[in-house]
file structure35.csv (CSV, C-alpha atoms and all ligand atoms)
chain,number,residue,atom,x,y,z
A,1,MET,CA,0.1,-14.3,-10.9
A,2,LYS,CA,3.2,-12.3,-10.0
A,3,VAL,CA,2.7,-10.6,-6.7
A,4,VAL,CA,4.7,-7.9,-4.9
A,5,ALA,CA,3.8,-7.3,-1.3
A,6,LEU,CA,4.7,-4.3,0.8
A,7,ALA,CA,5.4,-5.3,4.4
A,8,GLY,CA,6.7,-4.2,7.8
A,9,GLY,CA,6.1,-5.3,11.3
A,10,VAL,CA,4.4,-8.4,12.7
A,11,GLY,CA,1.1,-8.2,10.8
A,12,GLY,CA,2.8,-7.6,7.5
A,13,ALA,CA,5.1,-10.6,8.1
A,14,LYS,CA,2.2,-12.9,8.8
A,15,LEU,CA,0.4,-12.1,5.5
A,16,ALA,CA,3.8,-12.3,3.7
A,17,ASP,CA,4.1,-15.8,5.1
A,18,GLY,CA,0.5,-16.6,4.0
A,19,LEU,CA,1.4,-15.5,0.4
A,20,ALA,CA,4.6,-17.5,0.5
A,21,GLN,CA,2.6,-20.6,1.4
A,22,VAL,CA,0.2,-20.3,-1.5
A,23,LEU,CA,2.3,-18.8,-4.3
A,24,PRO,CA,5.2,-20.3,-6.2
A,25,PRO,CA,8.3,-18.7,-4.8
A,26,GLU,CA,9.3,-17.2,-8.1
A,27,ASP,CA,6.0,-15.3,-8.2
A,28,LEU,CA,6.4,-13.5,-4.9
A,29,THR,CA,8.6,-10.5,-4.0
A,30,ILE,CA,8.2,-8.9,-0.6
A,31,ILE,CA,9.5,-5.3,-0.3
A,32,VAL,CA,10.2,-4.5,3.4
A,33,ASN,CA,10.3,-1.3,5.3
A,34,THR,CA,13.8,-0.3,6.6
A,35,GLY,CA,12.7,3.0,8.3
A,36,ASP,CA,12.7,1.1,11.6
A,37,ASP,CA,16.4,0.3,11.2
A,38,PHE,CA,18.9,1.7,13.7
A,39,GLU,CA,22.3,1.4,15.1
A,40,HIS,CA,22.7,-0.1,18.6
A,41,PHE,CA,25.9,-1.4,20.2
A,42,GLY,CA,27.5,-0.4,17.0
A,43,LEU,CA,25.4,-2.9,15.1
A,44,THR,CA,22.9,-2.3,12.3
A,45,ILE,CA,19.5,-3.7,13.4
A,46,CYS,CA,16.8,-4.1,10.8
A,47,PRO,CA,13.7,-5.2,12.8
A,48,ASP,CA,11.2,-5.4,10.0
A,49,LEU,CA,13.5,-7.2,7.6
A,50,ASP,CA,14.3,-9.7,10.3
A,51,THR,CA,10.7,-10.1,11.4
A,52,VAL,CA,9.7,-10.9,7.8
A,53,CYS,CA,12.6,-13.3,7.3
A,54,TYR,CA,12.3,-15.1,10.6
A,55,THR,CA,8.5,-15.4,10.0
A,56,LEU,CA,9.0,-16.8,6.5
A,57,ALA,CA,11.7,-19.2,7.7
A,58,GLY,CA,9.6,-20.4,10.7
A,59,LEU,CA,12.2,-19.0,13.1
A,60,ALA,CA,10.1,-16.2,14.6
A,61,ASN,CA,9.2,-16.1,18.3
A,62,PRO,CA,5.5,-16.9,18.3
A,63,GLN,CA,4.9,-14.9,21.5
A,64,THR,CA,6.3,-11.6,20.4
A,65,GLY,CA,6.2,-11.9,16.6
A,66,TRP,CA,9.7,-10.4,16.5
A,67,GLY,CA,13.0,-12.0,17.5
A,68,ARG,CA,13.6,-15.7,17.3
A,69,VAL,CA,11.9,-18.8,18.7
A,70,GLY,CA,13.9,-20.8,21.3
A,71,GLU,CA,16.2,-17.9,22.1
A,72,THR,CA,18.7,-17.8,24.9
A,73,GLN,CA,19.5,-14.5,26.6
A,74,GLN,CA,23.1,-14.8,27.7
A,75,ALA,CA,24.5,-11.8,25.9
A,76,MET,CA,21.9,-9.3,27.2
A,77,SER,CA,21.9,-10.7,30.7
A,78,SER,CA,25.6,-10.1,30.7
A,79,VAL,CA,25.1,-6.5,29.5
A,80,GLU,CA,22.5,-6.1,32.3
A,81,VAL,CA,25.0,-7.2,35.0
A,82,LEU,CA,27.5,-4.6,33.6
A,83,GLY,CA,24.9,-1.8,33.8
A,84,GLY,CA,24.6,-1.4,30.0
A,85,PRO,CA,21.4,-0.6,28.0
A,86,THR,CA,18.8,-3.4,27.9
A,87,TRP,CA,15.8,-1.4,26.7
A,88,PHE,CA,16.1,-3.0,23.3
A,89,TRP,CA,16.4,-6.7,24.0
A,90,LEU,CA,18.5,-8.8,21.6
A,91,GLY,CA,18.4,-12.6,22.0
A,92,ASP,CA,21.6,-14.5,21.4
A,93,ARG,CA,20.7,-16.0,18.0
A,94,ASP,CA,19.2,-12.7,16.8
A,95,LEU,CA,22.4,-11.0,17.9
A,96,GLY,CA,24.3,-13.3,15.5
A,97,THR,CA,22.2,-11.9,12.6
A,98,HIS,CA,23.1,-8.3,13.6
A,99,LEU,CA,26.8,-9.2,14.0
A,100,GLU,CA,27.1,-10.8,10.6
A,101,ARG,CA,25.0,-8.2,8.8
A,102,THR,CA,27.1,-5.4,10.3
A,103,ARG,CA,30.4,-7.2,9.5
A,104,ARG,CA,29.2,-7.5,5.8
A,105,LEU,CA,27.9,-3.9,5.6
A,106,ARG,CA,31.3,-2.7,6.9
A,107,ALA,CA,33.0,-4.9,4.3
A,108,GLY,CA,31.1,-3.0,1.6
A,109,ASP,CA,28.2,-5.4,0.8
A,110,THR,CA,24.8,-4.0,0.3
A,111,LEU,CA,21.8,-4.6,2.5
A,112,SER,CA,19.9,-6.2,-0.4
A,113,ALA,CA,22.8,-8.6,-1.2
A,114,ILE,CA,23.2,-9.5,2.5
A,115,THR,CA,19.4,-10.1,2.8
A,116,ALA,CA,19.4,-12.4,-0.2
A,117,ASP,CA,22.3,-14.5,1.3
A,118,PHE,CA,20.6,-14.7,4.7
A,119,CYS,CA,17.3,-15.8,3.0
A,120,ARG,CA,19.2,-18.5,1.2
A,121,ALA,CA,20.8,-19.7,4.4
A,122,TRP,CA,17.4,-19.7,6.2
A,123,GLY,CA,15.7,-21.6,3.4
A,124,ILE,CA,13.4,-18.7,2.3
A,125,ARG,CA,12.5,-19.2,-1.4
A,126,ALA,CA,10.4,-16.1,-2.0
A,127,ARG,CA,12.3,-12.9,-2.8
A,128,VAL,CA,12.7,-10.5,0.2
A,129,LEU,CA,14.0,-7.0,-0.7
A,130,PRO,CA,14.8,-4.1,1.6
A,131,MET,CA,13.0,-1.0,0.2
A,132,SER,CA,16.4,0.6,-0.3
A,133,ASP,CA,20.1,-0.1,0.3
A,134,GLN,CA,20.6,3.5,1.5
A,135,PRO,CA,19.8,4.2,5.1
A,136,VAL,CA,16.4,5.7,5.8
A,137,ARG,CA,15.5,6.4,9.4
A,138,THR,CA,12.0,7.1,10.7
A,139,PHE,CA,11.7,9.9,13.3
A,140,VAL,CA,8.4,10.6,15.1
A,141,GLN,CA,7.3,14.1,16.1
A,142,THR,CA,5.6,13.9,19.4
A,143,ASN,CA,4.3,16.1,22.2
A,144,GLU,CA,7.7,15.4,23.8
A,145,GLY,CA,9.7,16.5,20.8
A,146,GLU,CA,11.2,14.4,18.0
A,147,LEU,CA,12.1,10.8,18.8
A,148,ALA,CA,14.0,8.3,16.8
A,149,PHE,CA,11.6,5.5,15.9
A,150,GLN,CA,12.9,2.7,18.2
A,151,GLU,CA,13.2,5.3,21.1
A,152,TYR,CA,9.5,6.1,20.5
A,153,PHE,CA,8.4,2.5,19.9
A,154,VAL,CA,10.4,0.4,22.4
A,155,ALA,CA,12.0,2.8,24.9
A,156,ARG,CA,8.9,5.0,25.3
A,157,ARG,CA,6.4,2.2,24.5
A,158,CYS,CA,4.6,4.4,22.0
A,159,GLU,CA,3.3,6.6,24.9
A,160,PRO,CA,4.1,10.1,23.5
A,161,ALA,CA,1.3,11.5,21.2
A,162,VAL,CA,2.4,11.7,17.6
A,163,SER,CA,1.8,14.6,15.3
A,164,SER,CA,3.9,13.7,12.2
A,165,PHE,CA,6.7,11.5,10.8
A,166,ARG,CA,9.9,12.1,9.0
A,167,PHE,CA,11.9,9.6,7.0
A,168,ASP,CA,15.4,10.9,7.3
A,169,GLY,CA,17.5,10.1,4.3
A,170,VAL,CA,14.6,9.1,2.0
A,171,GLU,CA,15.2,11.9,-0.5
A,172,GLN,CA,18.7,10.4,-1.2
A,173,ALA,CA,17.5,6.8,-1.1
A,174,ARG,CA,17.0,4.8,-4.3
A,175,PRO,CA,14.8,1.7,-4.5
A,176,ALA,CA,17.0,-1.4,-3.8
A,177,PRO,CA,18.1,-3.4,-6.9
A,178,GLY,CA,15.2,-5.5,-8.0
A,179,VAL,CA,12.5,-3.4,-6.5
A,180,LEU,CA,11.4,-1.4,-9.6
A,181,ASP,CA,11.8,-4.5,-11.8
A,182,ALA,CA,9.6,-6.5,-9.5
A,183,VAL,CA,7.0,-3.8,-9.4
A,184,ALA,CA,7.1,-3.5,-13.2
A,185,ALA,CA,6.6,-7.2,-13.6
A,186,ALA,CA,3.9,-7.5,-11.0
A,187,ASP,CA,0.3,-8.4,-11.9
A,188,LEU,CA,-0.8,-7.4,-8.4
A,189,MET,CA,0.6,-5.3,-5.5
A,190,VAL,CA,-0.6,-6.3,-2.0
A,191,VAL,CA,-0.2,-3.8,0.9
A,192,CYS,CA,0.0,-6.1,3.9
A,193,PRO,CA,-1.8,-5.3,7.2
A,194,SER,CA,1.1,-3.2,8.4
A,195,ASN,CA,1.1,0.2,10.1
A,196,PRO,CA,0.2,2.7,7.3
A,197,TRP,CA,2.1,5.6,9.0
A,198,VAL,CA,5.4,4.0,9.9
A,199,SER,CA,5.6,0.7,8.0
A,200,VAL,CA,4.1,1.4,4.6
A,201,ALA,CA,4.6,5.2,4.3
A,202,PRO,CA,8.4,4.9,4.4
A,203,ILE,CA,8.3,2.4,1.5
A,204,LEU,CA,6.0,4.6,-0.5
A,205,ALA,CA,8.3,7.6,0.2
A,206,VAL,CA,11.3,6.0,-1.6
A,207,PRO,CA,11.7,8.1,-4.7
A,208,GLY,CA,10.4,6.4,-7.8
A,209,LEU,CA,8.1,3.9,-5.9
A,210,GLN,CA,4.9,5.9,-6.1
A,211,ALA,CA,5.4,6.5,-9.8
A,212,ALA,CA,6.0,2.8,-10.4
A,213,LEU,CA,2.9,1.8,-8.4
A,214,ALA,CA,0.6,4.3,-10.2
A,215,ALA,CA,0.0,1.9,-13.0
A,216,LYS,CA,-0.5,-1.2,-10.9
A,217,PRO,CA,-3.6,-2.8,-9.3
A,218,ILE,CA,-3.1,-2.5,-5.6
A,219,VAL,CA,-5.1,-4.3,-2.9
A,220,ALA,CA,-4.5,-3.5,0.8
A,221,VAL,CA,-5.5,-5.5,3.9
A,222,SER,CA,-6.6,-3.4,6.9
A,223,PRO,CA,-4.4,-3.5,10.0
A,224,ILE,CA,-7.4,-2.0,11.9
A,225,ILE,CA,-10.1,-4.4,13.1
A,226,GLY,CA,-13.0,-3.0,15.0
A,227,GLY,CA,-11.2,0.3,15.6
A,228,GLN,CA,-8.1,-1.4,17.1
A,229,ALA,CA,-4.8,-2.6,15.8
A,230,LEU,CA,-4.1,-6.2,16.8
A,231,LYS,CA,-0.6,-5.2,17.7
A,232,GLY,CA,1.3,-1.9,17.7
A,233,PRO,CA,0.3,1.8,17.7
A,234,ALA,CA,-1.6,2.2,14.4
A,235,ALA,CA,-5.0,2.9,16.0
A,236,LYS,CA,-3.4,5.2,18.6
A,237,MET,CA,-1.6,7.1,15.8
A,238,PHE,CA,-4.8,7.6,13.8
A,239,SER,CA,-6.5,9.0,16.9
A,240,GLU,CA,-3.6,11.3,17.7
A,241,LEU,CA,-3.6,12.6,14.2
A,242,GLY,CA,-7.3,13.5,14.6
A,243,ILE,CA,-8.7,10.6,12.6
A,244,LEU,CA,-11.2,8.1,14.1
A,245,PRO,CA,-9.4,4.7,13.7
A,246,SER,CA,-11.3,2.3,11.5
A,247,ALA,CA,-11.0,0.1,8.4
A,248,LEU,CA,-12.7,3.0,6.5
A,249,ALA,CA,-10.0,5.4,7.7
A,250,VAL,CA,-7.3,3.1,6.4
A,251,ALA,CA,-9.1,2.9,3.0
A,252,GLN,CA,-9.4,6.7,2.9
A,253,HIS,CA,-5.7,7.0,3.9
A,254,TYR,CA,-4.6,4.9,0.9
A,255,GLY,CA,-7.4,6.5,-1.2
A,256,GLY,CA,-6.7,6.6,-5.0
A,257,LEU,CA,-3.8,4.1,-4.7
A,258,LEU,CA,-6.2,1.2,-4.1
A,259,ARG,CA,-8.3,-0.9,-6.4
A,260,GLY,CA,-9.4,-3.3,-3.6
A,261,PHE,CA,-9.5,-3.3,0.1
A,262,VAL,CA,-9.8,-6.3,2.4
A,263,PHE,CA,-11.1,-5.9,5.9
A,264,ASP,CA,-12.6,-7.8,8.8
A,265,GLU,CA,-16.1,-9.1,9.2
A,266,VAL,CA,-16.6,-7.0,12.3
A,267,ASP,CA,-16.2,-3.9,10.1
A,268,ALA,CA,-18.7,-5.1,7.4
A,269,ALA,CA,-20.8,-1.9,8.0
A,270,HIS,CA,-18.0,0.1,6.3
A,271,SER,CA,-18.5,-1.8,2.9
A,272,GLU,CA,-20.8,0.8,1.3
A,273,ALA,CA,-18.6,3.7,2.3
A,274,ILE,CA,-15.5,2.0,1.0
A,275,ALA,CA,-17.2,1.1,-2.3
A,276,ALA,CA,-18.3,4.8,-2.6
A,277,LEU,CA,-14.5,5.6,-2.6
A,278,GLY,CA,-14.3,3.6,-5.8
A,279,ILE,CA,-12.5,0.8,-4.0
A,280,MET,CA,-13.8,-2.8,-4.3
A,281,PRO,CA,-14.4,-4.1,-0.7
A,282,LEU,CA,-13.8,-7.7,0.5
A,283,VAL,CA,-15.1,-8.5,3.9
A,284,THR,CA,-13.6,-11.6,5.5
A,285,ALA,CA,-11.9,-13.0,8.6
A,286,THR,CA,-8.6,-11.2,8.8
A,287,VAL,CA,-7.2,-12.2,12.2
A,288,MET,CA,-4.3,-14.6,11.6
A,289,LYS,CA,-3.9,-16.8,14.7
A,290,ASP,CA,-1.8,-19.5,13.1
A,291,ARG,CA,-0.1,-20.4,9.8
A,292,THR,CA,-3.3,-21.9,8.4
A,293,ASP,CA,-5.1,-18.6,8.9
A,294,ARG,CA,-2.3,-16.8,7.1
A,295,ALA,CA,-2.6,-19.1,4.1
A,296,GLN,CA,-6.4,-18.8,4.1
A,297,LEU,CA,-6.3,-15.0,4.1
A,298,ALA,CA,-3.6,-14.9,1.4
A,299,SER,CA,-5.8,-17.3,-0.8
A,300,GLU,CA,-8.8,-15.0,-0.3
A,301,VAL,CA,-6.8,-11.9,-1.2
A,302,LEU,CA,-5.5,-13.6,-4.3
A,303,ALA,CA,-9.0,-14.9,-5.4
A,304,PHE,CA,-10.5,-11.5,-4.8
A,305,SER,CA,-7.7,-9.8,-6.7
A,306,SER,CA,-8.1,-12.2,-9.7
A,307,GLN,CA,-11.8,-11.2,-9.9
A,308,LEU,CA,-10.8,-7.5,-9.7
A,309,LEU,CA,-8.2,-8.0,-12.5
A,310,ALA,CA,-10.7,-9.8,-14.7
A,311,ALA,CA,-13.4,-7.1,-14.2
B,1,LIG,N1,10.2,-4.6,20.4
B,1,LIG,C1,10.0,-4.3,21.7
B,1,LIG,O1,8.9,-3.9,22.0
B,1,LIG,N2,11.0,-4.5,22.6
B,1,LIG,C2,12.2,-5.0,22.3
B,1,LIG,O2,13.1,-5.2,23.1
B,1,LIG,C3,12.4,-5.4,20.9
B,1,LIG,C4,13.6,-5.9,20.5
B,1,LIG,C5,13.8,-6.3,19.1
B,1,LIG,C6,14.9,-6.9,18.7
B,1,LIG,C7,15.1,-7.3,17.4
B,1,LIG,C8,14.1,-7.1,16.5
B,1,LIG,O3,14.2,-7.4,15.2
B,1,LIG,C9,12.9,-6.4,16.9
B,1,LIG,C10,12.7,-6.1,18.2
B,1,LIG,N3,11.6,-5.5,18.7
B,1,LIG,C11,11.4,-5.1,20.0
B,1,LIG,C12,10.5,-5.2,17.7
B,1,LIG,C13,10.6,-4.0,16.9
B,1,LIG,O4,11.4,-3.0,17.4
B,1,LIG,C14,9.3,-3.4,16.4
B,1,LIG,O5,8.3,-4.4,16.4
B,1,LIG,C15,9.4,-2.9,15.0
B,1,LIG,O6,10.4,-2.1,14.7
B,1,LIG,C16,8.0,-2.3,14.5
B,1,LIG,O7,7.7,-2.9,13.3
call {"tool": "encode", "arguments": {"input": "structure35.csv", "output": "structure tokens"}}
result
Amino acid sequence: MKVVALAGGVGGAKLADGLAQVLPPEDLTIIVNTGDDFEHFGLTICPDLDTVCYTLAGLANPQTGWGRVGETQQAMSSVEVLGGPTWFWLGDRDLGTHLERTRRLRAGDTLSAITADFCRAWGIRARVLPMSDQPVRTFVQTNEGELAFQEYFVARRCEPAVSSFRFDGVEQARPAPGVLDAVAAADLMVVCPSNPWVSVAPILAVPGLQAALAAKPIVAVSPIIGGQALKGPAAKMFSELGILPSALAVAQHYGGLLRGFVFDEVDAAHSEAIAALGIMPLVTATVMKDRTDRAQLASEVLAFSSQLLAA
């Protein structure tokens, strides 16, 4: 079964790793949000791409989910002594990724070509594609005005209340090479348990993506468990947008896009309401504490999807 996953952030990266463990590499493409990307110290930082790649390569920091395991902190410690900005912390090995990516972007290479080369170097066999080679930058409208995404997320620790989102540059963006072909060839699309507002929405906003997806069976995994996000501001965002955060709210948010929806046992009471939306529910354990849990959830998503496709 050829699978295309949409991912961003730590939860998305974990399920992507589960899918990579159980699918042949040639059957898996992961399309990653680049709306979180930004320029810092003159470098292009792509947090979601790096989180997905480090996770697939077994290089991710298990404590944070982002950045690299076994990091040293010499560069930022040095910046700190000099009074420079340390609000966005870059470990030494991670910094090497940003240096080399930025060098190649300046030399005229595309983000998708660079990502493919980095994946090869890191031993990642599934295909990882940025959603677009053109820059798209998420901005968050808040009660304190508009904030660039990392300013909101890291510098302000998601404290301001959100009212809407803007994906700057998205109208001019095109799907990265391989994205539309992968979607066209896919038997199944999986929306990973990523933040619907700031990880998945930017991908869906790339012109041509929604139209390509319209004909495809799509199964999403809920990032909301028992009314909370395991990590990040997804539940807080739902509340601030006037929506009670729940697995049902996520299913309603994706609505007609979905054929199936996978959500946690603690939310089993939402099954009927989700089925009433015309979306097939699957209730299972969705918390991924280790690599085995990731593979287990991925297997269940695929088995459930096979049933859906056969029905
Ligand atoms: N998140 C933080 O909360 N604080 C940081 O200092 C930080 C640094 C960082 C460096 C590289 C990277 O790839 C990600 C980093 N993140 C950090 C996480 C990241 O900003 C967010 O998790 C994503 O953008 C949201 O998906």
call {"tool": "residues_around", "arguments": {"input": "structure35.csv", "residues": "Asp48 (chain A)", "least_positions_apart": "5", "cutoff": "10 Å", "atoms": "only C-alpha atoms", "output": "ChimeraX atom specification"}}
result
/A:7-10,12-13,32-37,53-54,66,130,199
call {"tool": "atom_distance", "arguments": {"input": "structure35.csv", "atom1": "CA of Thr29 (chain A)", "atom2": "CA of Ala214 (chain A)"}}
result
17.9 Å
call {"tool": "atom_distance", "arguments": {"input": "structure35.csv", "atom1": "CA of Gln150 (chain A)", "atom2": "CA of Val262 (chain A)"}}
result
29.1 Å
call {"tool": "residues_around", "arguments": {"input": "structure35.csv", "residues": "Asp50 (chain A)", "least_positions_apart": "3", "cutoff": "9 Å", "atoms": "only C-alpha atoms", "output": "tab-separated table (two decimals) with C-alpha atoms, in the frame of the given file"}}
result
chain	number	residue	atom	x	y	z
A	45	ILE	CA	19.50	-3.70	13.40
A	46	CYS	CA	16.80	-4.10	10.80
A	47	PRO	CA	13.70	-5.20	12.80
A	53	CYS	CA	12.60	-13.30	7.30
A	54	TYR	CA	12.30	-15.10	10.60
A	55	THR	CA	8.50	-15.40	10.00
A	60	ALA	CA	10.10	-16.20	14.60
A	66	TRP	CA	9.70	-10.40	16.50
A	67	GLY	CA	13.00	-12.00	17.50
A	94	ASP	CA	19.20	-12.70	16.80
A	97	THR	CA	22.20	-11.90	12.60
call {"tool": "residues_around", "arguments": {"input": "structure35.csv", "residues": "Lys14 (chain A)", "least_positions_apart": "3", "cutoff": "10 Å", "atoms": "only C-alpha atoms", "output": "PyMOL selection string"}}
result
chain A and resi 7-11+17-20+51-52+55-56+65+192-194+288-291+293-295+297-298
call {"tool": "residues_around", "arguments": {"input": "structure35.csv", "residues": "Ala268 (chain A)", "least_positions_apart": "3", "cutoff": "10 Å", "atoms": "only C-alpha atoms", "output": "ChimeraX atom specification"}}
result
/A:226,247,263-265,271-272,281-284
call {"tool": "atom_distance", "arguments": {"input": "structure35.csv", "atom1": "atom N2 of ligand LIG 1 (chain B)", "atom2": "CA of Val154 (chain A)"}}
result
4.9 Å
call {"tool": "closest_residue", "arguments": {"input": "structure35.csv", "among": "A:Ala161, A:Leu308, A:Ala249, A:Val200", "to": "ligand LIG 1 (chain B)", "atoms": "only C-alpha atoms and all ligand atoms"}}
result
A:Val200
call {"tool": "closest_residue", "arguments": {"input": "structure35.csv", "among": "A:Glu151, A:Asp133, A:Asp27, A:Glu80", "to": "ligand LIG 1 (chain B)", "atoms": "all atoms listed in the file"}}
result
A:Glu151
call {"tool": "residues_around", "arguments": {"input": "structure35.csv", "residues": "Leu6 (chain A)", "least_positions_apart": "2", "cutoff": "6 Å", "atoms": "all atoms listed in the file", "output": "ChimeraX atom specification"}}
result
/A:30-31,191-192
call {"tool": "closest_residue", "arguments": {"input": "structure35.csv", "among": "A:Val179, A:Ile225, A:Leu111, A:Leu309", "to": "Leu204 (chain A)", "atoms": "all atoms listed in the file"}}
result
A:Val179
call {"tool": "closest_residue", "arguments": {"input": "structure35.csv", "among": "A:Ala116, A:Ala107, A:Leu241, A:Ala269", "to": "Ser163 (chain A)", "atoms": "only C-alpha atoms"}}
result
A:Leu241
call {"tool": "closest_residue", "arguments": {"input": "structure35.csv", "among": "A:Gln228, A:Thr86, A:Gln296, A:Thr72", "to": "ligand LIG 1 (chain B)", "atoms": "all atoms listed in the file"}}
result
A:Thr86
call {"tool": "build_atoms", "arguments": {"input": "structure35.csv", "residues": "region 125-136 of chain A", "atoms": "N, CA, C and O atoms", "output": "short mmCIF file (atom, residue, chain, number, x, y, z; two decimals), keeping the file's coordinate frame"}}
result
data_model
loop_
_atom_site.label_atom_id
_atom_site.label_comp_id
_atom_site.auth_asym_id
_atom_site.auth_seq_id
_atom_site.Cartn_x
_atom_site.Cartn_y
_atom_site.Cartn_z
N ARG A 125 12.42 -19.06 0.10
CA ARG A 125 12.50 -19.20 -1.40
C ARG A 125 11.86 -17.95 -2.06
O ARG A 125 12.23 -17.62 -3.18
N ALA A 126 10.89 -17.30 -1.42
CA ALA A 126 10.40 -16.10 -2.00
C ALA A 126 11.46 -14.99 -1.94
O ALA A 126 12.40 -15.11 -1.15
N ARG A 127 11.32 -13.95 -2.78
CA ARG A 127 12.30 -12.90 -2.80
C ARG A 127 11.99 -11.83 -1.74
O ARG A 127 10.89 -11.28 -1.77
N VAL A 128 12.94 -11.54 -0.85
CA VAL A 128 12.70 -10.50 0.20
C VAL A 128 13.73 -9.36 -0.15
O VAL A 128 14.94 -9.60 -0.20
N LEU A 129 13.19 -8.17 -0.37
CA LEU A 129 14.00 -7.00 -0.70
C LEU A 129 13.85 -5.91 0.31
O LEU A 129 12.70 -5.55 0.62
N PRO A 130 14.95 -5.34 0.83
CA PRO A 130 14.80 -4.10 1.60
C PRO A 130 14.27 -3.04 0.63
O PRO A 130 14.57 -3.10 -0.57
N MET A 131 13.52 -2.04 1.12
CA MET A 131 13.00 -1.00 0.20
C MET A 131 14.16 -0.25 -0.46
O MET A 131 14.03 0.20 -1.59
N SER A 132 15.27 -0.13 0.26
CA SER A 132 16.40 0.60 -0.30
C SER A 132 17.69 0.10 0.38
O SER A 132 17.67 -0.41 1.50
N ASP A 133 18.80 0.26 -0.34
CA ASP A 133 20.10 -0.10 0.30
C ASP A 133 20.67 1.14 1.01
O ASP A 133 21.62 0.99 1.78
N GLN A 134 20.12 2.32 0.75
CA GLN A 134 20.60 3.50 1.50
C GLN A 134 19.82 3.61 2.78
O GLN A 134 18.63 3.28 2.83
N PRO A 135 20.51 4.08 3.84
CA PRO A 135 19.80 4.20 5.10
C PRO A 135 18.69 5.21 5.11
O PRO A 135 18.88 6.33 4.66
N VAL A 136 17.52 4.78 5.58
CA VAL A 136 16.40 5.70 5.80
C VAL A 136 15.99 5.46 7.25
O VAL A 136 15.89 4.32 7.70
#
